[in-house]
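Asker: Before I ask anything, let me first share the structure, which is written out below as structure tokens.
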Amino acid sequence: MVDTQTTSERPHVAAKRYIYAWGAGTAEGNGNMKDLLGGKGAGLAEMTLAGLPTPPGFTITTVACNDYFANGKQLPEGLWQDVLDAMKQVETRSGKGFGDPKNPLLVSVRSGAKFSMPGMMDTVLNLGLNEETLAGLIALSGSERFGWDAYRRFIGMFGRIVMDVKAERFDEPLEHAKAKHGADAKDTDLDVADLKALVDVFKQVVREDTGRDFPTDVYEQLDLAIKAVFASWFGKRANDYRNSQKIAHDLGTAVNVVTMVFGNMGNDSGTGVAFTRNTFDGTNELYGEYLVNAQGEDVVAGIRTPEPISQLKTEMPASYDEFLKIGRQLEKHYKDVQDLEFTIERGKLYMLQTRIAKRTAEAAVKIAVQMVNEGVITQKEAVERIEPAQVDQLLRPQFERKALAAAKAINTEGLNASPGAAVGKAVFDADLAVEWQAKGEKVVLVRVETSPDDFHGMAIAEGILTARGGATSHAAVVARQIGKPCVAGVSELNVSYATRTASSSKTGMGFKEGDWISVDGNTGRVYAGALPVVDAKFEDQPELQTILGWADEFARMAVWTNADKPEEAAQARAWGAHGIGLCRTEHMFREGDRLAMVRGAILVANVATRAKAKAAAGEALNADETDAVATFDAAMAKLEKLQQGDFEGIFKAMDGLPVVVRLIDPPLHEFLPNLEDQLVKVTRAEEHGGASEEDKILLATIKSMHEQNPMLGLRGCRLGIMIPDFVKIQTRAILNAQIAVRKAGGNPIAKIMIPLVGHVNELKATRTLLAAEADKIVAAAGGVSVDYKFGTMIEIPRGALTADEIATEASFFSFGTNDLTQMTFGYSRDDAEGGFLLKYVEDKILPVNPFQTLDDAVAGLMKIAVDKGRSVRPDLELGICGEHGGDPESIHKCEKVGLDYVSCSPFRVPVARLAAAQAALSTQHDK
Ligand code: PEP
Ligand code: MG
């Protein structure tokens with residue numbers, strides 16, 4: 001196709017060029033001009049240039065729309081004259097006359113913005129009809145019914161959209177007229193007399209509601225319709241949609257004036273929409289539907305049930321073949337699946353629209369792989385085309401495909417606010433949801449909108465459904481945060497707390513409290529009943545694996561995982577992780593009977609540690625001290641053995657790949673009972689004959705360890721400095737596990753990570769302590785090579801700011817962005833997320849939750865640390881292991897900061913692989 005044919009023979013008088021025409025095989029615009037012509041206008045121009053059959057017409061640009069508003073809702077100077085000239089050209093190209101009673105040209109006036117906004121703006125069809133041209137249309141079509149039907153449709157549509165008459169003022173008489181033909185009568189049952197009567201009633205309605213007659217001057221109709229389409233850009237539906245989709249409000253819409261072609265001129269006519277491939281499951285076949293003897297709005301409005309597009313092959317084989325060929329041609333040209341609108345008028349096919357087709361995640365991945373195999377796109381383009389959220393969707397439980405295809409959605413529109421499939425009984429308030437859930441019911445919380453008061457209900461619900469609110473509404477933000485499927489902003493859903501019912505104003509379907517419903521957070525659709533749900537398996541999705549394999553080729557950063565158990569490590573490895581970036585050892589302290597062992601050690605830890613220092617200084621120990629040391633050492637020895645076993649399991653699962661083991665991090669009180677609980681226990685026991693000695697000691701220990709700000713207290717490397725045995729046994733366990741696995745023929749790669757370092761001396765002291773321990777193990781290893789590296793987490797702002805000093809003692813840095821965010825913002829990571837932070841995000845005080853998406857200032861600290869660290873140690877290995885390591889937007893920031901790898905939870909690994917590749921590719925593009 002030609003890309004740059006933009007010259008025009010048509011003179012224009014406006015100061016700017018506002019109009020681009022097409023038709024008769026030539027076009028003034030082209031497919032690259034979406035900013036100016038909108039998607040529809042650019043597509044029509046491009047199709048015309050390609051020699052495809054399009055009805056002649058012209059596009060009034062998005063600039064004209066913006067100038068119209070800037071001009072106080074007046075057409076800018078000269079534009080109307082240009083419209084008149086362009087209409088002359090359309091008349092010549094179509095061979096018809098606008099307002100000509102003998103050979104009338106009718107046009108559609110259609111909105112068309114740069115980004116597709118389906119159904120959000122307005123379109124008027126059949127414009128150019130009045131009593132005179134109607135007679136001409138009837139004569140040309142040979143059908144009186146066709147003519148009157150077109151006329152009543154036009155008055156209804158124009159009246160509603162352009163003259164602001166309420167839809168029900170036309171719907172009621174229409175329903176009334178149909179009712180005369182029986183309860184289930186359709187539009188098509190109306191005869192000429194009905195339609196004529198309806199036209200009279202419609203005109204009367206217009207007169208009553210607007211105080212003026214329906215305009216008969218075709219140019220006045222055109223003028224008013226153009227302005228109405230401009231105005232629909234700032235209509236409520238369009239504004240809300242742009243807000244939800246983050247589309248800028250200043251783009252404006254183009255207006256397309258297009259020769260009408262009629263799919264309702266008999267049984268050799270028809271109209272339909274089709275995709276060049278199946279956008280539901282990705283099969284390479286034409287996918288769509290059409291209606292014989294119908295206008296486009298009938299397909300969209302669902303008035304009659306359309307036929308599958310495959311049926312066209314037998315019904316109108318020539319048109320089908322031509323359409324198939326055109327579809328292939330357009331797909332090749334746009335290098336993507338096309339969403340096509342067509343009309344067949346008396347056996348002649350017209351293409352009305354082509355645009356990139358929206359598709360399910362499954363279809364997106366399958367089609368991308370197909371297109372690479374067909375040589376249509378490159379592997380790089382395939383990787384860039386898939387959205388990380390689609391990969392996420394493919395790995396979450398989903399509705400069983402066949403059941404989903406057979407189900408009819410309750411709603412026609414709704415925001416897919418948080419992915420996944422949820423099935424439960426509808427409950428209309430949070431307290432009741434909690435009550436039902438406690439009785440073992442599965443519930444879906446249904447609210448007009450949610451507020452912080454609903455949180456307890458949201459937390460236990462399978463999914464959430466709201467009638468109001470966009471992508472950053474409370475429901476959407478919370479649902480994503482707590483990982484619940486959510487459909488938000490279903491404005492057509494009337495939720496009544498009084499009657500405990502909800503019903504769609506569009507489909508008439510609904511449900512009452514206690515009914516089973518199924519909520520599809522991937523598509524924004526809600527279904528009655530309990531649809532079957534299936535687990536999505538990575539192993540069963542070869543195309544996804546193929547795409548991610550390509551992604552790995554383009555990524556600069558590697559993807560590692562945060563895993564504490566061999567099973568998790570194995571799963572992450574199967575999903576493509578290339579190492580463990582964070583093994584949190586304290587999780588191993590909490591399992592089974594280990595917790596009792598750890599508690600026993602903690603109870604005597606301080607006494608034993610002080611006693612050991614005394615003994616080292618040559619002082620004698622008393623009996624209590626000797627006992628404490630013995631108890632402590634025995635517990636530590638057991639723990640060491642157990643941890644060694646854990647590490648052996650992980651090294652085996654990650655054979656040949658690096659494993660970063662972090663030494664104990666949390667404050668010790670996390671291993672002890674809660675202070676208040678223990679206090680109550682002891683006090684009660686005292687009242688009833690006395691508490692046990694053990695409980696009293698435990699209480700005293702908890703009290704002695706109590707801190708006002710434990711997250712800023714005795715944790716991380718501070719703990720190892722105060723009670724060295726904890727980290728000494730961990731180091732021994734790591735290295736002895738390595739020796740054992742190596743002796744068994746494995747290739748374990750261990751890295752020891754010291755957390756929460758803010759000053760280089762903390763690291764130096766810990767490292768010296770542990771290196772001495774390591775030396776002893778190396779000496780005892782009998783020649784088996786023991787290799788290990790010490791590194792640290794950068795998760796305190798001071799650590800980041802002094803990274804050049806810290807790098808002298810560390811061979812790697814891993815950014816702990818959970819703590820780094822907490823300490824940079826001064827927000828407690830445990831308390832903020834359920835509280836003020838939600839309000840901050842809802843009210844846009846913060847653009848995003850900084851614990852989910854890396855904040856720029858935190859990324860700035862990381863950059864400082866990276867630069868300073870590398871300045872003293874060029875081969876410093878750099879990664880991230882905070883939650884942000886699995887968030888696509890944060891991964892882009894990590895790429896810019898220059899990390900070597902990101903590490904995230906196992907189930908985020910596939911998403912991170914794609915995001916890492918896209919980050920590398922977009923950074924290359926930027927350069
Ligand atoms: C962090 O702080 O980002 C981190 C990974 O460590 P943790 O969440 O265990 O504090
Ligand atoms: Mg941390």
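Letters A, B, ... go to the chains of the structure tokens in the order shown; residues in each chain start at 1; ligands are counted from 1 in the same order.
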Around ligand 2, which protein and nucleic acid residues have at least one atom no more than 8 Å from it, if we count only C-alpha atoms and all ligand atoms? List them as number ranges by chain.

Answerer: A: 665, 755-756, 793, 795, 816-820, 882

Asker: Give me a file of those residues, with all heavy atoms, as a short mmCIF file (atom, residue, chain, number, x, y, z; two decimals), in the first residue's frame.

Answerer:
data_model
loop_
_atom_site.label_atom_id
_atom_site.label_comp_id
_atom_site.auth_asym_id
_atom_site.auth_seq_id
_atom_site.Cartn_x
_atom_site.Cartn_y
_atom_site.Cartn_z
N ASP A 665 16.74 -11.95 59.61
CA ASP A 665 16.44 -10.52 59.45
C ASP A 665 15.44 -9.93 60.45
O ASP A 665 15.63 -8.83 60.95
CB ASP A 665 15.93 -10.28 58.02
CG ASP A 665 15.58 -8.83 57.76
OD1 ASP A 665 16.48 -7.98 57.79
OD2 ASP A 665 14.39 -8.54 57.54
N PRO A 755 21.69 -8.55 55.82
CA PRO A 755 20.64 -7.55 55.61
C PRO A 755 20.79 -6.27 56.43
O PRO A 755 21.52 -6.25 57.43
CB PRO A 755 19.38 -8.30 56.05
CG PRO A 755 19.84 -9.27 57.07
CD PRO A 755 21.27 -9.63 56.72
N LEU A 756 20.08 -5.25 55.98
CA LEU A 756 19.83 -4.01 56.73
C LEU A 756 21.10 -3.28 57.15
O LEU A 756 21.22 -2.82 58.28
CB LEU A 756 18.98 -4.35 57.96
CG LEU A 756 17.83 -3.41 58.26
CD1 LEU A 756 16.75 -3.49 57.20
CD2 LEU A 756 17.22 -3.72 59.61
N MET A 793 22.29 -6.32 51.52
CA MET A 793 21.08 -5.69 51.00
C MET A 793 21.22 -4.19 51.15
O MET A 793 21.71 -3.70 52.16
CB MET A 793 19.85 -6.16 51.76
CG MET A 793 19.50 -7.58 51.42
SD MET A 793 18.05 -8.12 52.29
CE MET A 793 16.75 -7.39 51.30
N GLU A 795 18.87 -1.44 51.70
CA GLU A 795 17.46 -1.22 52.02
C GLU A 795 17.28 -0.12 53.07
O GLU A 795 16.18 0.09 53.58
CB GLU A 795 16.79 -2.52 52.48
CG GLU A 795 17.56 -3.28 53.53
CD GLU A 795 16.94 -4.65 53.87
OE1 GLU A 795 15.79 -4.90 53.52
OE2 GLU A 795 17.65 -5.45 54.50
N GLY A 816 16.63 -4.14 48.72
CA GLY A 816 15.43 -4.52 49.46
C GLY A 816 14.48 -3.34 49.42
O GLY A 816 14.44 -2.52 50.33
N THR A 817 13.73 -3.27 48.34
CA THR A 817 12.93 -2.05 48.13
C THR A 817 11.70 -1.98 49.01
O THR A 817 11.06 -0.94 49.09
CB THR A 817 12.54 -1.92 46.64
OG1 THR A 817 12.07 -3.19 46.20
CG2 THR A 817 13.71 -1.47 45.82
N ASN A 818 11.36 -3.10 49.70
CA ASN A 818 10.26 -2.99 50.66
C ASN A 818 10.70 -2.07 51.80
O ASN A 818 10.02 -1.11 52.14
CB ASN A 818 9.88 -4.36 51.23
CG ASN A 818 9.53 -5.37 50.15
OD1 ASN A 818 9.08 -4.98 49.08
ND2 ASN A 818 9.76 -6.64 50.41
N ASP A 819 11.84 -2.40 52.37
CA ASP A 819 12.35 -1.55 53.45
C ASP A 819 12.82 -0.20 52.92
O ASP A 819 12.62 0.83 53.58
CB ASP A 819 13.50 -2.26 54.17
CG ASP A 819 12.97 -3.15 55.28
OD1 ASP A 819 12.16 -2.67 56.08
OD2 ASP A 819 13.36 -4.34 55.33
N LEU A 820 13.43 -0.20 51.75
CA LEU A 820 13.94 1.07 51.22
C LEU A 820 12.78 2.06 50.99
O LEU A 820 12.90 3.25 51.25
CB LEU A 820 14.72 0.84 49.93
CG LEU A 820 15.57 2.02 49.44
CD1 LEU A 820 16.60 2.45 50.48
CD2 LEU A 820 16.30 1.67 48.14
N GLY A 882 13.05 -6.84 46.56
CA GLY A 882 11.79 -6.35 47.13
C GLY A 882 10.64 -6.75 46.21
O GLY A 882 10.86 -7.21 45.08
#

Asker: Write out as a Markdown table the residues of chain A that have any atom within 10 Å of an atom of ligand 1, one row each with the nearest atom pair and its distance in Å to one decimal, counting only C-alpha atoms and all ligand atoms, sorted by chain and then rising number.

Answerer:
| residue | atom | partner | partner_atom_place_in_ligand_line | distance |
| --- | --- | --- | --- | --- |
| A:Asn562 | CA | ligand 1 | 5 (C) | 8.6 |
| A:Gly581 | CA | ligand 1 | 5 (C) | 9.3 |
| A:Leu582 | CA | ligand 1 | 5 (C) | 7.1 |
| A:Cys583 | CA | ligand 1 | 9 (O) | 9.3 |
| A:Arg584 | CA | ligand 1 | 9 (O) | 6.7 |
| A:Thr585 | CA | ligand 1 | 9 (O) | 9.7 |
| A:Glu586 | CA | ligand 1 | 9 (O) | 9.2 |
| A:His587 | CA | ligand 1 | 9 (O) | 10.0 |
| A:Arg662 | CA | ligand 1 | 9 (O) | 8.9 |
| A:Ile664 | CA | ligand 1 | 9 (O) | 9.4 |
| A:Asp665 | CA | ligand 1 | 9 (O) | 6.9 |
| A:Pro666 | CA | ligand 1 | 10 (O) | 7.5 |
| A:Met711 | CA | ligand 1 | 10 (O) | 9.0 |
| A:Arg715 | CA | ligand 1 | 10 (O) | 9.8 |
| A:Gly716 | CA | ligand 1 | 10 (O) | 8.7 |
| A:Pro755 | CA | ligand 1 | 6 (O) | 7.9 |
| A:Leu756 | CA | ligand 1 | 2 (O) | 8.1 |
| A:Met793 | CA | ligand 1 | 4 (C) | 8.0 |
| A:Ile794 | CA | ligand 1 | 2 (O) | 8.5 |
| A:Glu795 | CA | ligand 1 | 2 (O) | 5.9 |
| A:Ile796 | CA | ligand 1 | 2 (O) | 8.8 |
| A:Ser814 | CA | ligand 1 | 5 (C) | 8.3 |
| A:Phe815 | CA | ligand 1 | 3 (O) | 6.5 |
| A:Gly816 | CA | ligand 1 | 3 (O) | 3.0 |
| A:Thr817 | CA | ligand 1 | 3 (O) | 3.9 |
| A:Asn818 | CA | ligand 1 | 3 (O) | 3.4 |
| A:Asp819 | CA | ligand 1 | 2 (O) | 3.8 |
| A:Leu820 | CA | ligand 1 | 2 (O) | 6.3 |
| A:Thr821 | CA | ligand 1 | 3 (O) | 8.0 |
| A:Gln822 | CA | ligand 1 | 2 (O) | 8.3 |
| A:Met823 | CA | ligand 1 | 2 (O) | 9.7 |
| A:Arg829 | CA | ligand 1 | 8 (O) | 9.3 |
| A:Phe851 | CA | ligand 1 | 3 (O) | 9.4 |
| A:Ile880 | CA | ligand 1 | 5 (C) | 7.8 |
| A:Cys881 | CA | ligand 1 | 5 (C) | 4.8 |
| A:Gly882 | CA | ligand 1 | 3 (O) | 3.4 |
| A:Glu883 | CA | ligand 1 | 3 (O) | 6.5 |
| A:His884 | CA | ligand 1 | 3 (O) | 8.2 |
| A:Gly885 | CA | ligand 1 | 3 (O) | 9.2 |
| A:Ser903 | CA | ligand 1 | 5 (C) | 9.3 |
| A:Cys904 | CA | ligand 1 | 5 (C) | 9.3 |

Asker: What separation in Å, quoted to one decimal, exists between atom CA of Val201 of chain A and atom CA of Arg169 of chain A?

Answerer: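 Atom-to-atom, atom CA of Val201 of chain A and atom CA of Arg169 of chain A are spaced 9.8 Å apart.
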
Asker: Hey, what's within 10 Å of Ile721 of chain A if we count only C-alpha atoms and toss same-chain stuff fewer than 6 positions away? As a PDB file with C-alpha atoms, in the first residue's frame, please?

Answerer:
ATOM      1  CA  LEU A 714      17.036  -4.969  66.740  1.00  0.00           C
ATOM      2  CA  ARG A 715      16.820  -6.697  63.386  1.00  0.00           C
ATOM      3  CA  VAL A 727      24.408 -15.905  61.988  1.00  0.00           C
ATOM      4  CA  GLU A 762      28.196  -3.045  60.407  1.00  0.00           C
ATOM      5  CA  LEU A 763      29.058  -5.050  57.339  1.00  0.00           C
ATOM      6  CA  ALA A 765      32.110  -6.477  61.673  1.00  0.00           C
ATOM      7  CA  THR A 766      29.658  -9.156  60.478  1.00  0.00           C
ATOM      8  CA  LEU A 769      32.901 -12.735  62.228  1.00  0.00           C
TER       9      LEU A 769
END

Asker: With only C-alpha atoms as the counted atoms, please give the residues lying no more than 12 Å from Pro710 of chain A, apart from itself and same-chain residues fewer than 2 positions off, as a tab-separated table (two decimals) with C-alpha atoms, in the first residue's frame.

Answerer:
chain	number	residue	atom	x	y	z
A	665	ASP	CA	16.44	-10.52	59.45
A	666	PRO	CA	13.30	-9.93	61.55
A	667	PRO	CA	13.17	-8.74	65.16
A	668	LEU	CA	13.26	-11.75	67.50
A	669	HIS	CA	9.93	-10.92	69.10
A	670	GLU	CA	8.33	-12.17	65.86
A	705	MET	CA	12.66	-7.51	74.03
A	706	HIS	CA	9.76	-5.14	73.56
A	707	GLU	CA	10.60	-2.21	71.30
A	708	GLN	CA	8.55	0.86	70.39
A	712	LEU	CA	13.70	0.22	63.22
A	713	GLY	CA	15.05	-1.83	66.08
A	714	LEU	CA	17.04	-4.97	66.74
A	715	ARG	CA	16.82	-6.70	63.39
A	716	GLY	CA	18.93	-7.41	60.31
A	719	LEU	CA	20.84	-8.94	65.45
A	828	SER	CA	5.29	1.76	57.97
A	830	ASP	CA	2.81	-3.07	57.74

Asker: Could you go through segment 529-571 of chain A and tell me which residues DSSP, when run on the backbone, assigns to helix (DSSP H, G or I), listing them as a ChimeraX atom specification?

Answerer: /A:538-540,542-554,566-571

Asker: Report the distance between atom CA of Met557 of chain A and atom CA of Tyr901 of chain A in Å, rounded to one decimal place.

Answerer: 4.6 Å

Asker: Which is closest to Ala750 of chain A among A:Leu921, A:Leu675, A:Val660, A:Ile864, if we use only C-alpha atoms?

Answerer: A:Val660

Asker: Fewer than 5 positions away in the same chain doesn't count, so skip those; otherwise give me all residues within 10 Å of Glu381 of chain A, counting only C-alpha atoms, as JSON, numbers by chain.

Answerer: {"A": [335, 368, 371, 372, 376, 386, 921]}

Asker: Export, as an mmCIF file, in the first residue's frame, the selected residues with all heavy atoms.

Answerer:
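Contents of the output file result_34.cif:
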data_model
loop_
_atom_site.group_PDB
_atom_site.id
_atom_site.type_symbol
_atom_site.label_atom_id
_atom_site.label_comp_id
_atom_site.auth_asym_id
_atom_site.auth_seq_id
_atom_site.Cartn_x
_atom_site.Cartn_y
_atom_site.Cartn_z
ATOM 1 N N LYS A 335 0.197 -5.895 9.888
ATOM 2 C CA LYS A 335 0.953 -6.880 10.666
ATOM 3 C C LYS A 335 0.240 -7.249 11.952
ATOM 4 O O LYS A 335 0.868 -7.426 13.002
ATOM 5 C CB LYS A 335 2.345 -6.337 11.011
ATOM 6 C CG LYS A 335 3.235 -6.094 9.807
ATOM 7 C CD LYS A 335 4.516 -5.493 10.308
ATOM 8 C CE LYS A 335 5.678 -5.782 9.401
ATOM 9 N NZ LYS A 335 6.930 -5.582 10.063
ATOM 10 N N ALA A 368 0.411 -14.176 18.207
ATOM 11 C CA ALA A 368 1.769 -13.629 18.052
ATOM 12 C C ALA A 368 2.731 -14.721 17.566
ATOM 13 O O ALA A 368 3.540 -14.490 16.660
ATOM 14 C CB ALA A 368 2.244 -13.036 19.376
ATOM 15 N N MET A 371 2.013 -15.591 13.930
ATOM 16 C CA MET A 371 2.463 -14.555 12.992
ATOM 17 C C MET A 371 3.981 -14.554 12.826
ATOM 18 O O MET A 371 4.482 -14.217 11.755
ATOM 19 C CB MET A 371 1.958 -13.183 13.434
ATOM 20 C CG MET A 371 0.458 -13.055 13.215
ATOM 21 S SD MET A 371 -0.088 -11.357 13.310
ATOM 22 C CE MET A 371 -1.585 -11.444 12.332
ATOM 23 N N VAL A 372 4.696 -14.925 13.877
ATOM 24 C CA VAL A 372 6.151 -15.067 13.732
ATOM 25 C C VAL A 372 6.429 -16.244 12.792
ATOM 26 O O VAL A 372 7.233 -16.150 11.862
ATOM 27 C CB VAL A 372 6.833 -15.275 15.101
ATOM 28 C CG1 VAL A 372 8.305 -15.649 14.918
ATOM 29 C CG2 VAL A 372 6.704 -14.013 15.949
ATOM 30 N N VAL A 376 5.127 -12.881 9.361
ATOM 31 C CA VAL A 376 4.443 -11.577 9.314
ATOM 32 C C VAL A 376 5.112 -10.586 10.275
ATOM 33 O O VAL A 376 5.277 -9.417 9.965
ATOM 34 C CB VAL A 376 2.940 -11.733 9.677
ATOM 35 C CG1 VAL A 376 2.241 -10.384 9.677
ATOM 36 C CG2 VAL A 376 2.263 -12.691 8.709
ATOM 37 N N ILE A 386 2.895 -8.446 23.430
ATOM 38 C CA ILE A 386 2.158 -9.072 24.537
ATOM 39 C C ILE A 386 2.263 -8.173 25.768
ATOM 40 O O ILE A 386 3.328 -7.637 26.069
ATOM 41 C CB ILE A 386 2.742 -10.472 24.864
ATOM 42 C CG1 ILE A 386 2.787 -11.338 23.605
ATOM 43 C CG2 ILE A 386 1.951 -11.150 25.970
ATOM 44 C CD1 ILE A 386 1.442 -11.594 22.964
ATOM 45 N N LEU A 921 14.180 -3.688 25.431
ATOM 46 C CA LEU A 921 13.882 -3.219 24.079
ATOM 47 C C LEU A 921 13.487 -1.748 24.077
ATOM 48 O O LEU A 921 13.933 -0.976 23.226
ATOM 49 C CB LEU A 921 12.759 -4.070 23.461
ATOM 50 C CG LEU A 921 13.156 -5.522 23.157
ATOM 51 C CD1 LEU A 921 11.947 -6.353 22.777
ATOM 52 C CD2 LEU A 921 14.210 -5.571 22.051
#

Asker: Could you name the residues that touch Ala479 of chain A at 10 Å or less, counting only C-alpha atoms, but leaving out those on the same chain fewer than 2 positions away, as a list in words?

Answerer: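 Once the nearby chain positions are removed, what remains is Ala417, Ser418, Pro419, Phe455, Met458, Ala459, Gly463, Ile464, Ser473, His474, Ala475, Ala476, Val477, Gln481, Ile482, Gly483, Lys484, Pro485, Cys486, Val487 and Ala488 of chain A.
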
Asker: If you keep N, CA, C and O atoms, can you produce a file of those selected residues as an mmCIF file, in the first residue's frame?

Answerer:
data_model
loop_
_atom_site.group_PDB
_atom_site.id
_atom_site.type_symbol
_atom_site.label_atom_id
_atom_site.label_comp_id
_atom_site.auth_asym_id
_atom_site.auth_seq_id
_atom_site.Cartn_x
_atom_site.Cartn_y
_atom_site.Cartn_z
ATOM 1 N N ALA A 417 -10.960 -4.749 36.475
ATOM 2 C CA ALA A 417 -10.134 -3.995 37.418
ATOM 3 C C ALA A 417 -9.034 -4.830 38.060
ATOM 4 O O ALA A 417 -7.985 -4.298 38.422
ATOM 5 N N SER A 418 -9.263 -6.123 38.222
ATOM 6 C CA SER A 418 -8.227 -6.989 38.810
ATOM 7 C C SER A 418 -8.445 -8.393 38.267
ATOM 8 O O SER A 418 -9.565 -8.911 38.317
ATOM 9 N N PRO A 419 -7.401 -9.032 37.711
ATOM 10 C CA PRO A 419 -7.613 -10.267 36.939
ATOM 11 C C PRO A 419 -7.969 -11.486 37.777
ATOM 12 O O PRO A 419 -7.775 -11.498 38.984
ATOM 13 N N PHE A 455 -13.599 -3.160 53.757
ATOM 14 C CA PHE A 455 -12.370 -3.932 53.554
ATOM 15 C C PHE A 455 -12.488 -5.361 54.078
ATOM 16 O O PHE A 455 -12.072 -6.314 53.426
ATOM 17 N N MET A 458 -14.180 -7.450 51.629
ATOM 18 C CA MET A 458 -13.386 -7.667 50.408
ATOM 19 C C MET A 458 -12.311 -8.720 50.668
ATOM 20 O O MET A 458 -12.007 -9.559 49.815
ATOM 21 N N ALA A 459 -11.745 -8.661 51.872
ATOM 22 C CA ALA A 459 -10.621 -9.544 52.190
ATOM 23 C C ALA A 459 -11.030 -11.008 52.174
ATOM 24 O O ALA A 459 -10.218 -11.874 51.836
ATOM 25 N N GLY A 463 -14.396 -12.572 45.100
ATOM 26 C CA GLY A 463 -14.227 -11.513 44.110
ATOM 27 C C GLY A 463 -15.113 -10.337 44.464
ATOM 28 O O GLY A 463 -15.926 -10.408 45.405
ATOM 29 N N ILE A 464 -14.957 -9.262 43.704
ATOM 30 C CA ILE A 464 -15.650 -8.014 44.029
ATOM 31 C C ILE A 464 -16.273 -7.457 42.750
ATOM 32 O O ILE A 464 -15.659 -7.507 41.678
ATOM 33 N N SER A 473 -10.377 3.376 41.558
ATOM 34 C CA SER A 473 -11.378 3.436 42.628
ATOM 35 C C SER A 473 -10.906 2.552 43.777
ATOM 36 O O SER A 473 -10.023 1.705 43.614
ATOM 37 N N HIS A 474 -11.528 2.744 44.913
ATOM 38 C CA HIS A 474 -11.172 1.961 46.100
ATOM 39 C C HIS A 474 -11.210 0.464 45.787
ATOM 40 O O HIS A 474 -10.271 -0.276 46.068
ATOM 41 N N ALA A 475 -12.313 0.032 45.166
ATOM 42 C CA ALA A 475 -12.476 -1.401 44.882
ATOM 43 C C ALA A 475 -11.321 -1.911 44.020
ATOM 44 O O ALA A 475 -10.725 -2.954 44.309
ATOM 45 N N ALA A 476 -10.995 -1.159 42.968
ATOM 46 C CA ALA A 476 -9.961 -1.607 42.030
ATOM 47 C C ALA A 476 -8.591 -1.655 42.702
ATOM 48 O O ALA A 476 -7.845 -2.632 42.562
ATOM 49 N N VAL A 477 -8.292 -0.621 43.452
ATOM 50 C CA VAL A 477 -6.970 -0.537 44.080
ATOM 51 C C VAL A 477 -6.794 -1.651 45.117
ATOM 52 O O VAL A 477 -5.795 -2.373 45.125
ATOM 53 N N GLN A 481 -4.429 -5.089 45.080
ATOM 54 C CA GLN A 481 -3.460 -5.219 46.160
ATOM 55 C C GLN A 481 -3.587 -6.562 46.867
ATOM 56 O O GLN A 481 -2.607 -7.185 47.220
ATOM 57 N N ILE A 482 -4.824 -7.002 47.104
ATOM 58 C CA ILE A 482 -4.990 -8.252 47.840
ATOM 59 C C ILE A 482 -5.191 -9.435 46.894
ATOM 60 O O ILE A 482 -5.482 -10.542 47.322
ATOM 61 N N GLY A 483 -5.033 -9.180 45.586
ATOM 62 C CA GLY A 483 -5.043 -10.270 44.611
ATOM 63 C C GLY A 483 -6.405 -10.907 44.409
ATOM 64 O O GLY A 483 -6.497 -12.112 44.186
ATOM 65 N N LYS A 484 -7.480 -10.123 44.502
ATOM 66 C CA LYS A 484 -8.827 -10.681 44.266
ATOM 67 C C LYS A 484 -9.325 -10.230 42.900
ATOM 68 O O LYS A 484 -9.155 -9.061 42.538
ATOM 69 N N PRO A 485 -9.994 -11.131 42.164
ATOM 70 C CA PRO A 485 -10.594 -10.686 40.908
ATOM 71 C C PRO A 485 -11.628 -9.588 41.172
ATOM 72 O O PRO A 485 -12.356 -9.665 42.166
ATOM 73 N N CYS A 486 -11.680 -8.607 40.305
ATOM 74 C CA CYS A 486 -12.636 -7.509 40.510
ATOM 75 C C CYS A 486 -13.112 -6.955 39.177
ATOM 76 O O CYS A 486 -12.321 -6.736 38.262
ATOM 77 N N VAL A 487 -14.419 -6.778 39.081
ATOM 78 C CA VAL A 487 -15.005 -6.033 37.968
ATOM 79 C C VAL A 487 -15.606 -4.775 38.589
ATOM 80 O O VAL A 487 -16.382 -4.858 39.542
ATOM 81 N N ALA A 488 -15.206 -3.627 38.066
ATOM 82 C CA ALA A 488 -15.646 -2.362 38.675
ATOM 83 C C ALA A 488 -16.370 -1.507 37.638
ATOM 84 O O ALA A 488 -16.249 -1.736 36.429
#

Asker: Report, in Å to a single decimal, how far apart atom CA of Val478 of chain A and atom CA of Ala422 of chain A are.

Answerer: 15.6 Å

Asker: Would you list the contacts of Val391 of chain A as JSON, numbers by chain, taking every protein, DNA or RNA residue within 8 Å and counting only C-alpha atoms, but skipping same-chain residues closer than 3 positions in sequence?

Answerer: {"A": [361, 386, 387, 388, 394, 395, 544, 910, 911]}

Asker: Pick out the closest residue to Val218 of chain A from this set: A:Phe202, A:Phe554, A:Phe58, A:Phe98. Count only C-alpha atoms.

Answerer: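 Counting only C-alpha atoms, the residue closest to Val218 of chain A is A:Phe98.
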